[in-house]
Amino acid sequence: MSDTATAPPTPPVPLTALLAHEGLGLRRIAGPPAEDTVVHWVHTSEMADPFPYLLGGELLLSAGVLLTDPDAYVSRITAARAAALGFGVRPVHDTVPAGLAAACDRYGLPLLEVPPETTFTAVARAVWRLMAEARHRELRRVAEAQQGLATAAARPDPVPAVLGQLAARL
């Protein structure tokens with residue numbers, strides 16, 4: 001049995017929340033604004049073509065070890081429906097390649113610069129922590145709604161009380 005069958009889904013993380021995360025120093029340098037982008041998970045790959053290993057919704061992290069054709073690379077990442085690309089500068093590249101930024105603008109893929117002092121593991125941990133916090137908020141909301149409905153159902157005139165709780169929660 002898979003975890004998805006037994007656990008509630010984890011809410012995605014808004015890319016804006018990750019960009020605002022203190023200490024990471026991430027910076028959007030190309031592609032569309034981050035406001036409408038959500039991240040479902042993080043994946044690190046140094047493959048020239050990570051397409052076969054992406055599920056969609058990833059923040060793909062790469063240092064560009066095998067980056068030779070930025071246009072083809074971004075084309076494949078967007079075809080796999082990745083959410084964004086995080087490019088780590090140094091030790092391979094001193095800056096984000098201009099061709100990569102141009103390709104991300106062309107294909108509409110948010111491109112984040114990951115500074116040298118920020119590890120990919122730190123980025124992944126931040127995403128997981130934000131996901132855990134969002135899931136905890138959702139579970140708390142559901143538990144409070146369930147408690148409110150149970151209390152309303154136990155009242156002498158339960159129908160109006162339950163309907164009142166439903167109206168308040170929805």
# chains A, B, ... in the order shown; residues from 1 in each chain; ligands from 1
>>> select_by_dssp(residues="range 58-135 of chain A", states="alpha helix (DSSP H)", output="ChimeraX atom specification")
/A:70-79,98-107,120-135
>>> residues_around(residues="range 94-97 of chain A", least_positions_apart="2", cutoff="10 Å", atoms="only C-alpha atoms", output="list of chain:residue names")
A:Ile29, A:Ala63, A:Gly64, A:Leu67, A:Pro70, A:Gly86, A:Phe87, A:Gly88, A:Val89, A:Arg90, A:Pro91, A:Val92, A:Gly99, A:Leu100, A:Ala101, A:Ala102, A:Leu111, A:Leu112, A:Glu113, A:Val114, A:Pro115, A:Pro116
>>> write_last_selection(atoms="N, CA, C and O atoms", output="PDB file, in the first residue's frame")
ATOM      1  N   ILE A  29      15.345  35.064 -10.872  1.00  0.00           N
ATOM      2  CA  ILE A  29      16.073  35.894 -11.843  1.00  0.00           C
ATOM      3  C   ILE A  29      15.516  35.814 -13.255  1.00  0.00           C
ATOM      4  O   ILE A  29      15.929  36.584 -14.114  1.00  0.00           O
ATOM      5  N   ALA A  63      23.265  22.291 -10.503  1.00  0.00           N
ATOM      6  CA  ALA A  63      24.436  23.169 -10.599  1.00  0.00           C
ATOM      7  C   ALA A  63      24.906  23.273 -12.046  1.00  0.00           C
ATOM      8  O   ALA A  63      25.914  23.908 -12.330  1.00  0.00           O
ATOM      9  N   GLY A  64      24.183  22.641 -12.970  1.00  0.00           N
ATOM     10  CA  GLY A  64      24.514  22.745 -14.383  1.00  0.00           C
ATOM     11  C   GLY A  64      25.764  22.008 -14.787  1.00  0.00           C
ATOM     12  O   GLY A  64      26.444  22.410 -15.734  1.00  0.00           O
ATOM     13  N   LEU A  67      25.154  20.969 -18.311  1.00  0.00           N
ATOM     14  CA  LEU A  67      24.389  21.931 -19.092  1.00  0.00           C
ATOM     15  C   LEU A  67      25.193  22.377 -20.306  1.00  0.00           C
ATOM     16  O   LEU A  67      26.205  23.061 -20.176  1.00  0.00           O
ATOM     17  N   PRO A  70      21.107  25.139 -23.034  1.00  0.00           N
ATOM     18  CA  PRO A  70      20.076  25.619 -22.124  1.00  0.00           C
ATOM     19  C   PRO A  70      18.667  25.557 -22.697  1.00  0.00           C
ATOM     20  O   PRO A  70      17.718  25.229 -21.982  1.00  0.00           O
ATOM     21  N   GLY A  86      15.917  25.675  -9.757  1.00  0.00           N
ATOM     22  CA  GLY A  86      16.845  26.347  -8.861  1.00  0.00           C
ATOM     23  C   GLY A  86      18.257  26.046  -9.329  1.00  0.00           C
ATOM     24  O   GLY A  86      18.644  24.879  -9.400  1.00  0.00           O
ATOM     25  N   PHE A  87      19.011  27.080  -9.679  1.00  0.00           N
ATOM     26  CA  PHE A  87      20.346  26.885 -10.226  1.00  0.00           C
ATOM     27  C   PHE A  87      21.383  27.317  -9.199  1.00  0.00           C
ATOM     28  O   PHE A  87      21.440  28.482  -8.801  1.00  0.00           O
ATOM     29  N   GLY A  88      22.191  26.363  -8.776  1.00  0.00           N
ATOM     30  CA  GLY A  88      23.236  26.642  -7.804  1.00  0.00           C
ATOM     31  C   GLY A  88      24.490  27.164  -8.472  1.00  0.00           C
ATOM     32  O   GLY A  88      25.025  26.519  -9.367  1.00  0.00           O
ATOM     33  N   VAL A  89      24.913  28.351  -8.053  1.00  0.00           N
ATOM     34  CA  VAL A  89      26.149  28.904  -8.604  1.00  0.00           C
ATOM     35  C   VAL A  89      27.338  28.419  -7.780  1.00  0.00           C
ATOM     36  O   VAL A  89      27.244  28.253  -6.571  1.00  0.00           O
ATOM     37  N   ARG A  90      28.398  28.160  -8.476  1.00  0.00           N
ATOM     38  CA  ARG A  90      29.648  27.595  -7.967  1.00  0.00           C
ATOM     39  C   ARG A  90      29.434  26.190  -7.434  1.00  0.00           C
ATOM     40  O   ARG A  90      28.395  25.914  -6.876  1.00  0.00           O
ATOM     41  N   PRO A  91      30.266  25.291  -7.633  1.00  0.00           N
ATOM     42  CA  PRO A  91      31.607  25.431  -8.170  1.00  0.00           C
ATOM     43  C   PRO A  91      31.674  25.332  -9.691  1.00  0.00           C
ATOM     44  O   PRO A  91      32.719  25.605 -10.276  1.00  0.00           O
ATOM     45  N   VAL A  92      30.564  24.966 -10.366  1.00  0.00           N
ATOM     46  CA  VAL A  92      30.618  24.755 -11.817  1.00  0.00           C
ATOM     47  C   VAL A  92      30.527  26.076 -12.573  1.00  0.00           C
ATOM     48  O   VAL A  92      31.312  26.329 -13.481  1.00  0.00           O
ATOM     49  N   GLY A  99      22.164  32.292 -21.165  1.00  0.00           N
ATOM     50  CA  GLY A  99      21.331  31.476 -22.051  1.00  0.00           C
ATOM     51  C   GLY A  99      20.265  30.703 -21.291  1.00  0.00           C
ATOM     52  O   GLY A  99      19.164  30.481 -21.787  1.00  0.00           O
ATOM     53  N   LEU A 100      20.577  30.294 -20.073  1.00  0.00           N
ATOM     54  CA  LEU A 100      19.597  29.577 -19.236  1.00  0.00           C
ATOM     55  C   LEU A 100      18.487  30.528 -18.808  1.00  0.00           C
ATOM     56  O   LEU A 100      17.308  30.180 -18.868  1.00  0.00           O
ATOM     57  N   ALA A 101      18.849  31.738 -18.395  1.00  0.00           N
ATOM     58  CA  ALA A 101      17.840  32.729 -18.011  1.00  0.00           C
ATOM     59  C   ALA A 101      16.946  33.072 -19.201  1.00  0.00           C
ATOM     60  O   ALA A 101      15.718  33.153 -19.068  1.00  0.00           O
ATOM     61  N   ALA A 102      17.536  33.233 -20.364  1.00  0.00           N
ATOM     62  CA  ALA A 102      16.747  33.550 -21.565  1.00  0.00           C
ATOM     63  C   ALA A 102      15.795  32.409 -21.908  1.00  0.00           C
ATOM     64  O   ALA A 102      14.637  32.642 -22.261  1.00  0.00           O
ATOM     65  N   LEU A 111      13.059  30.732 -12.699  1.00  0.00           N
ATOM     66  CA  LEU A 111      14.452  30.360 -12.468  1.00  0.00           C
ATOM     67  C   LEU A 111      14.923  31.057 -11.204  1.00  0.00           C
ATOM     68  O   LEU A 111      14.857  32.283 -11.101  1.00  0.00           O
ATOM     69  N   LEU A 112      15.385  30.264 -10.253  1.00  0.00           N
ATOM     70  CA  LEU A 112      15.891  30.796  -8.992  1.00  0.00           C
ATOM     71  C   LEU A 112      17.394  30.619  -8.939  1.00  0.00           C
ATOM     72  O   LEU A 112      17.911  29.562  -9.290  1.00  0.00           O
ATOM     73  N   GLU A 113      18.068  31.641  -8.467  1.00  0.00           N
ATOM     74  CA  GLU A 113      19.496  31.526  -8.212  1.00  0.00           C
ATOM     75  C   GLU A 113      19.670  31.028  -6.776  1.00  0.00           C
ATOM     76  O   GLU A 113      19.121  31.604  -5.841  1.00  0.00           O
ATOM     77  N   VAL A 114      20.431  29.950  -6.627  1.00  0.00           N
ATOM     78  CA  VAL A 114      20.755  29.418  -5.312  1.00  0.00           C
ATOM     79  C   VAL A 114      22.187  29.855  -5.019  1.00  0.00           C
ATOM     80  O   VAL A 114      23.116  29.431  -5.714  1.00  0.00           O
ATOM     81  N   PRO A 115      22.379  30.721  -4.017  1.00  0.00           N
ATOM     82  CA  PRO A 115      23.731  31.230  -3.764  1.00  0.00           C
ATOM     83  C   PRO A 115      24.675  30.134  -3.277  1.00  0.00           C
ATOM     84  O   PRO A 115      24.223  29.103  -2.757  1.00  0.00           O
ATOM     85  N   PRO A 116      25.965  30.344  -3.435  1.00  0.00           N
ATOM     86  CA  PRO A 116      26.942  29.299  -3.090  1.00  0.00           C
ATOM     87  C   PRO A 116      26.873  28.839  -1.638  1.00  0.00           C
ATOM     88  O   PRO A 116      27.150  27.682  -1.336  1.00  0.00           O
TER      89      PRO A 116
END
>>> residues_around(residues="Val42 in chain A", least_positions_apart="4", cutoff="7 Å", atoms="only C-alpha atoms", output="ChimeraX atom specification")
/A:58-60,124
>>> write_last_selection(atoms="N, CA and C atoms", output="PDB file, in the first residue's frame")
ATOM      1  N   GLU A  58       7.852  19.758  -9.555  1.00  0.00           N
ATOM      2  CA  GLU A  58       9.104  19.824  -8.805  1.00  0.00           C
ATOM      3  C   GLU A  58       9.753  21.204  -8.873  1.00  0.00           C
ATOM      4  N   LEU A  59      10.469  21.494  -7.811  1.00  0.00           N
ATOM      5  CA  LEU A  59      11.516  22.503  -7.865  1.00  0.00           C
ATOM      6  C   LEU A  59      12.756  21.685  -8.176  1.00  0.00           C
ATOM      7  N   LEU A  60      13.244  21.785  -9.390  1.00  0.00           N
ATOM      8  CA  LEU A  60      14.424  21.031  -9.807  1.00  0.00           C
ATOM      9  C   LEU A  60      15.656  21.845  -9.452  1.00  0.00           C
ATOM     10  N   ALA A 124      15.770  21.894   0.158  1.00  0.00           N
ATOM     11  CA  ALA A 124      14.819  20.787   0.291  1.00  0.00           C
ATOM     12  C   ALA A 124      14.205  20.759   1.692  1.00  0.00           C
TER      13      ALA A 124
END
>>> residues_around(residues="range 127-130 of chain A", least_positions_apart="3", cutoff="7 Å", atoms="only C-alpha atoms", output="PDB file with C-alpha atoms, in the first residue's frame")
ATOM      1  CA  VAL A  13       4.315  25.219  -1.096  1.00  0.00           C
ATOM      2  CA  LEU A  18      10.261  29.693  -0.353  1.00  0.00           C
ATOM      3  CA  VAL A 123      16.432  24.236   0.145  1.00  0.00           C
ATOM      4  CA  ALA A 124      14.819  20.787   0.291  1.00  0.00           C
ATOM      5  CA  GLU A 133       3.476  23.351   8.513  1.00  0.00           C
ATOM      6  CA  ALA A 134       0.773  23.593   5.831  1.00  0.00           C
TER       7      ALA A 134
END
>>> residues_around(residues="Met47 in chain A", least_positions_apart="4", cutoff="12 Å", atoms="only C-alpha atoms", output="ChimeraX atom specification")
/A:43,51-54,60-68,73,76-77
>>> select_by_dssp(residues="range 47-101 of chain A", states="strand (DSSP E or B)", output="ChimeraX atom specification")
/A:58-62,84-88
>>> write_last_selection(atoms="N, CA and C atoms", output="tab-separated table (two decimals), in the first residue's frame")
chain	number	residue	atom	x	y	z
A	58	GLU	N	7.85	19.76	-9.55
A	58	GLU	CA	9.10	19.82	-8.81
A	58	GLU	C	9.75	21.20	-8.87
A	59	LEU	N	10.47	21.49	-7.81
A	59	LEU	CA	11.52	22.50	-7.87
A	59	LEU	C	12.76	21.68	-8.18
A	60	LEU	N	13.24	21.78	-9.39
A	60	LEU	CA	14.42	21.03	-9.81
A	60	LEU	C	15.66	21.85	-9.45
A	61	LEU	N	16.57	21.23	-8.71
A	61	LEU	CA	17.81	21.89	-8.33
A	61	LEU	C	18.96	21.31	-9.13
A	62	SER	N	19.80	22.19	-9.68
A	62	SER	CA	20.93	21.75	-10.49
A	62	SER	C	22.05	22.78	-10.41
A	84	ALA	N	9.63	24.86	-11.18
A	84	ALA	CA	10.67	25.88	-11.23
A	84	ALA	C	12.04	25.20	-11.27
A	85	LEU	N	13.04	25.98	-11.61
A	85	LEU	CA	14.41	25.51	-11.64
A	85	LEU	C	15.23	26.35	-10.67
A	86	GLY	N	15.92	25.68	-9.76
A	86	GLY	CA	16.85	26.35	-8.86
A	86	GLY	C	18.26	26.05	-9.33
A	87	PHE	N	19.01	27.08	-9.68
A	87	PHE	CA	20.35	26.89	-10.23
A	87	PHE	C	21.38	27.32	-9.20
A	88	GLY	N	22.19	26.36	-8.78
A	88	GLY	CA	23.24	26.64	-7.80
A	88	GLY	C	24.49	27.16	-8.47
>>> atom_distance(atom1="CA of Ala143 in chain A", atom2="CA of Leu15 in chain A")
27.3 Å
>>> closest_residue(among="A:Thr37, A:Thr78, A:Thr121, A:Thr10", to="Leu55 in chain A", atoms="only C-alpha atoms")
A:Thr78
>>> atom_distance(atom1="CA of Gly108 in chain A", atom2="CA of Ala30 in chain A")
8.5 Å
>>> atom_distance(atom1="CA of Arg140 in chain A", atom2="CA of Trp41 in chain A")
22.3 Å
>>> closest_residue(among="A:Ala103, A:Ala168, A:Ala34, A:Ala126", to="His21 in chain A", atoms="only C-alpha atoms")
A:Ala126
>>> decode(residues="range 128-157 of chain A", atoms="N, CA and C atoms", output="JSON list (two decimals), in the first residue's frame")
[["chain", "number", "residue", "atom", "x", "y", "z"],
["A", 128, "TRP", "N", 10.25, 21.00, 2.69],
["A", 128, "TRP", "CA", 9.59, 19.98, 3.52],
["A", 128, "TRP", "C", 9.00, 20.59, 4.78],
["A", 129, "ARG", "N", 9.72, 21.53, 5.39],
["A", 129, "ARG", "CA", 9.21, 22.18, 6.60],
["A", 129, "ARG", "C", 7.96, 23.00, 6.27],
["A", 130, "LEU", "N", 7.98, 23.74, 5.18],
["A", 130, "LEU", "CA", 6.80, 24.51, 4.79],
["A", 130, "LEU", "C", 5.62, 23.59, 4.49],
["A", 131, "MET", "N", 5.90, 22.45, 3.87],
["A", 131, "MET", "CA", 4.83, 21.48, 3.60],
["A", 131, "MET", "C", 4.27, 20.91, 4.91],
["A", 132, "ALA", "N", 5.14, 20.59, 5.83],
["A", 132, "ALA", "CA", 4.70, 20.04, 7.11],
["A", 132, "ALA", "C", 3.85, 21.06, 7.87],
["A", 133, "GLU", "N", 4.25, 22.30, 7.85],
["A", 133, "GLU", "CA", 3.48, 23.35, 8.51],
["A", 133, "GLU", "C", 2.10, 23.51, 7.87],
["A", 134, "ALA", "N", 2.05, 23.48, 6.54],
["A", 134, "ALA", "CA", 0.77, 23.59, 5.83],
["A", 134, "ALA", "C", -0.12, 22.39, 6.13],
["A", 135, "ARG", "N", 0.47, 21.21, 6.16],
["A", 135, "ARG", "CA", -0.32, 20.01, 6.46],
["A", 135, "ARG", "C", -0.84, 20.05, 7.90],
["A", 136, "HIS", "N", -0.01, 20.52, 8.82],
["A", 136, "HIS", "CA", -0.43, 20.63, 10.22],
["A", 136, "HIS", "C", -1.60, 21.61, 10.35],
["A", 137, "ARG", "N", -1.52, 22.75, 9.66],
["A", 137, "ARG", "CA", -2.63, 23.72, 9.68],
["A", 137, "ARG", "C", -3.91, 23.09, 9.14],
["A", 138, "GLU", "N", -3.78, 22.34, 8.06],
["A", 138, "GLU", "CA", -4.96, 21.70, 7.46],
["A", 138, "GLU", "C", -5.56, 20.65, 8.39],
["A", 139, "LEU", "N", -4.71, 19.84, 9.00],
["A", 139, "LEU", "CA", -5.21, 18.82, 9.93],
["A", 139, "LEU", "C", -5.88, 19.46, 11.14],
["A", 140, "ARG", "N", -5.32, 20.56, 11.63],
["A", 140, "ARG", "CA", -5.92, 21.27, 12.76],
["A", 140, "ARG", "C", -7.29, 21.82, 12.36],
["A", 141, "ARG", "N", -7.38, 22.37, 11.15],
["A", 141, "ARG", "CA", -8.66, 22.92, 10.68],
["A", 141, "ARG", "C", -9.71, 21.82, 10.59],
["A", 142, "VAL", "N", -9.34, 20.66, 10.06],
["A", 142, "VAL", "CA", -10.28, 19.55, 9.93],
["A", 142, "VAL", "C", -10.70, 19.04, 11.31],
["A", 143, "ALA", "N", -9.75, 18.91, 12.22],
["A", 143, "ALA", "CA", -10.07, 18.43, 13.57],
["A", 143, "ALA", "C", -11.02, 19.39, 14.29],
["A", 144, "GLU", "N", -10.79, 20.68, 14.15],
["A", 144, "GLU", "CA", -11.68, 21.66, 14.77],
["A", 144, "GLU", "C", -13.07, 21.61, 14.16],
["A", 145, "ALA", "N", -13.15, 21.43, 12.85],
["A", 145, "ALA", "CA", -14.46, 21.31, 12.20],
["A", 145, "ALA", "C", -15.18, 20.06, 12.66],
["A", 146, "GLN", "N", -14.47, 18.95, 12.76],
["A", 146, "GLN", "CA", -15.07, 17.71, 13.22],
["A", 146, "GLN", "C", -15.59, 17.86, 14.66],
["A", 147, "GLN", "N", -14.80, 18.47, 15.51],
["A", 147, "GLN", "CA", -15.22, 18.68, 16.90],
["A", 147, "GLN", "C", -16.47, 19.57, 16.96],
["A", 148, "GLY", "N", -16.48, 20.63, 16.16],
["A", 148, "GLY", "CA", -17.64, 21.52, 16.12],
["A", 148, "GLY", "C", -18.89, 20.81, 15.65],
["A", 149, "LEU", "N", -18.76, 19.95, 14.64],
["A", 149, "LEU", "CA", -19.92, 19.20, 14.14],
["A", 149, "LEU", "C", -20.41, 18.18, 15.17],
["A", 150, "ALA", "N", -19.48, 17.52, 15.83],
["A", 150, "ALA", "CA", -19.86, 16.53, 16.85],
["A", 150, "ALA", "C", -20.59, 17.22, 18.01],
["A", 151, "THR", "N", -20.09, 18.35, 18.43],
["A", 151, "THR", "CA", -20.74, 19.10, 19.52],
["A", 151, "THR", "C", -22.13, 19.55, 19.09],
["A", 152, "ALA", "N", -22.23, 20.05, 17.87],
["A", 152, "ALA", "CA", -23.54, 20.51, 17.36],
["A", 152, "ALA", "C", -24.51, 19.35, 17.26],
["A", 153, "ALA", "N", -24.06, 18.19, 16.83],
["A", 153, "ALA", "CA", -24.94, 17.02, 16.68],
["A", 153, "ALA", "C", -25.43, 16.51, 18.03],
["A", 154, "ALA", "N", -24.71, 16.80, 19.09],
["A", 154, "ALA", "CA", -25.10, 16.33, 20.43],
["A", 154, "ALA", "C", -26.08, 17.28, 21.11],
["A", 155, "ARG", "N", -26.41, 18.39, 20.51],
["A", 155, "ARG", "CA", -27.34, 19.35, 21.11],
["A", 155, "ARG", "C", -28.77, 18.84, 21.00],
["A", 156, "PRO", "N", -29.67, 19.37, 21.86],
["A", 156, "PRO", "CA", -31.07, 18.90, 21.83],
["A", 156, "PRO", "C", -31.74, 19.11, 20.47],
["A", 157, "ASP", "N", -31.43, 20.18, 19.78],
["A", 157, "ASP", "CA", -32.00, 20.43, 18.45],
["A", 157, "ASP", "C", -30.83, 20.44, 17.46]]
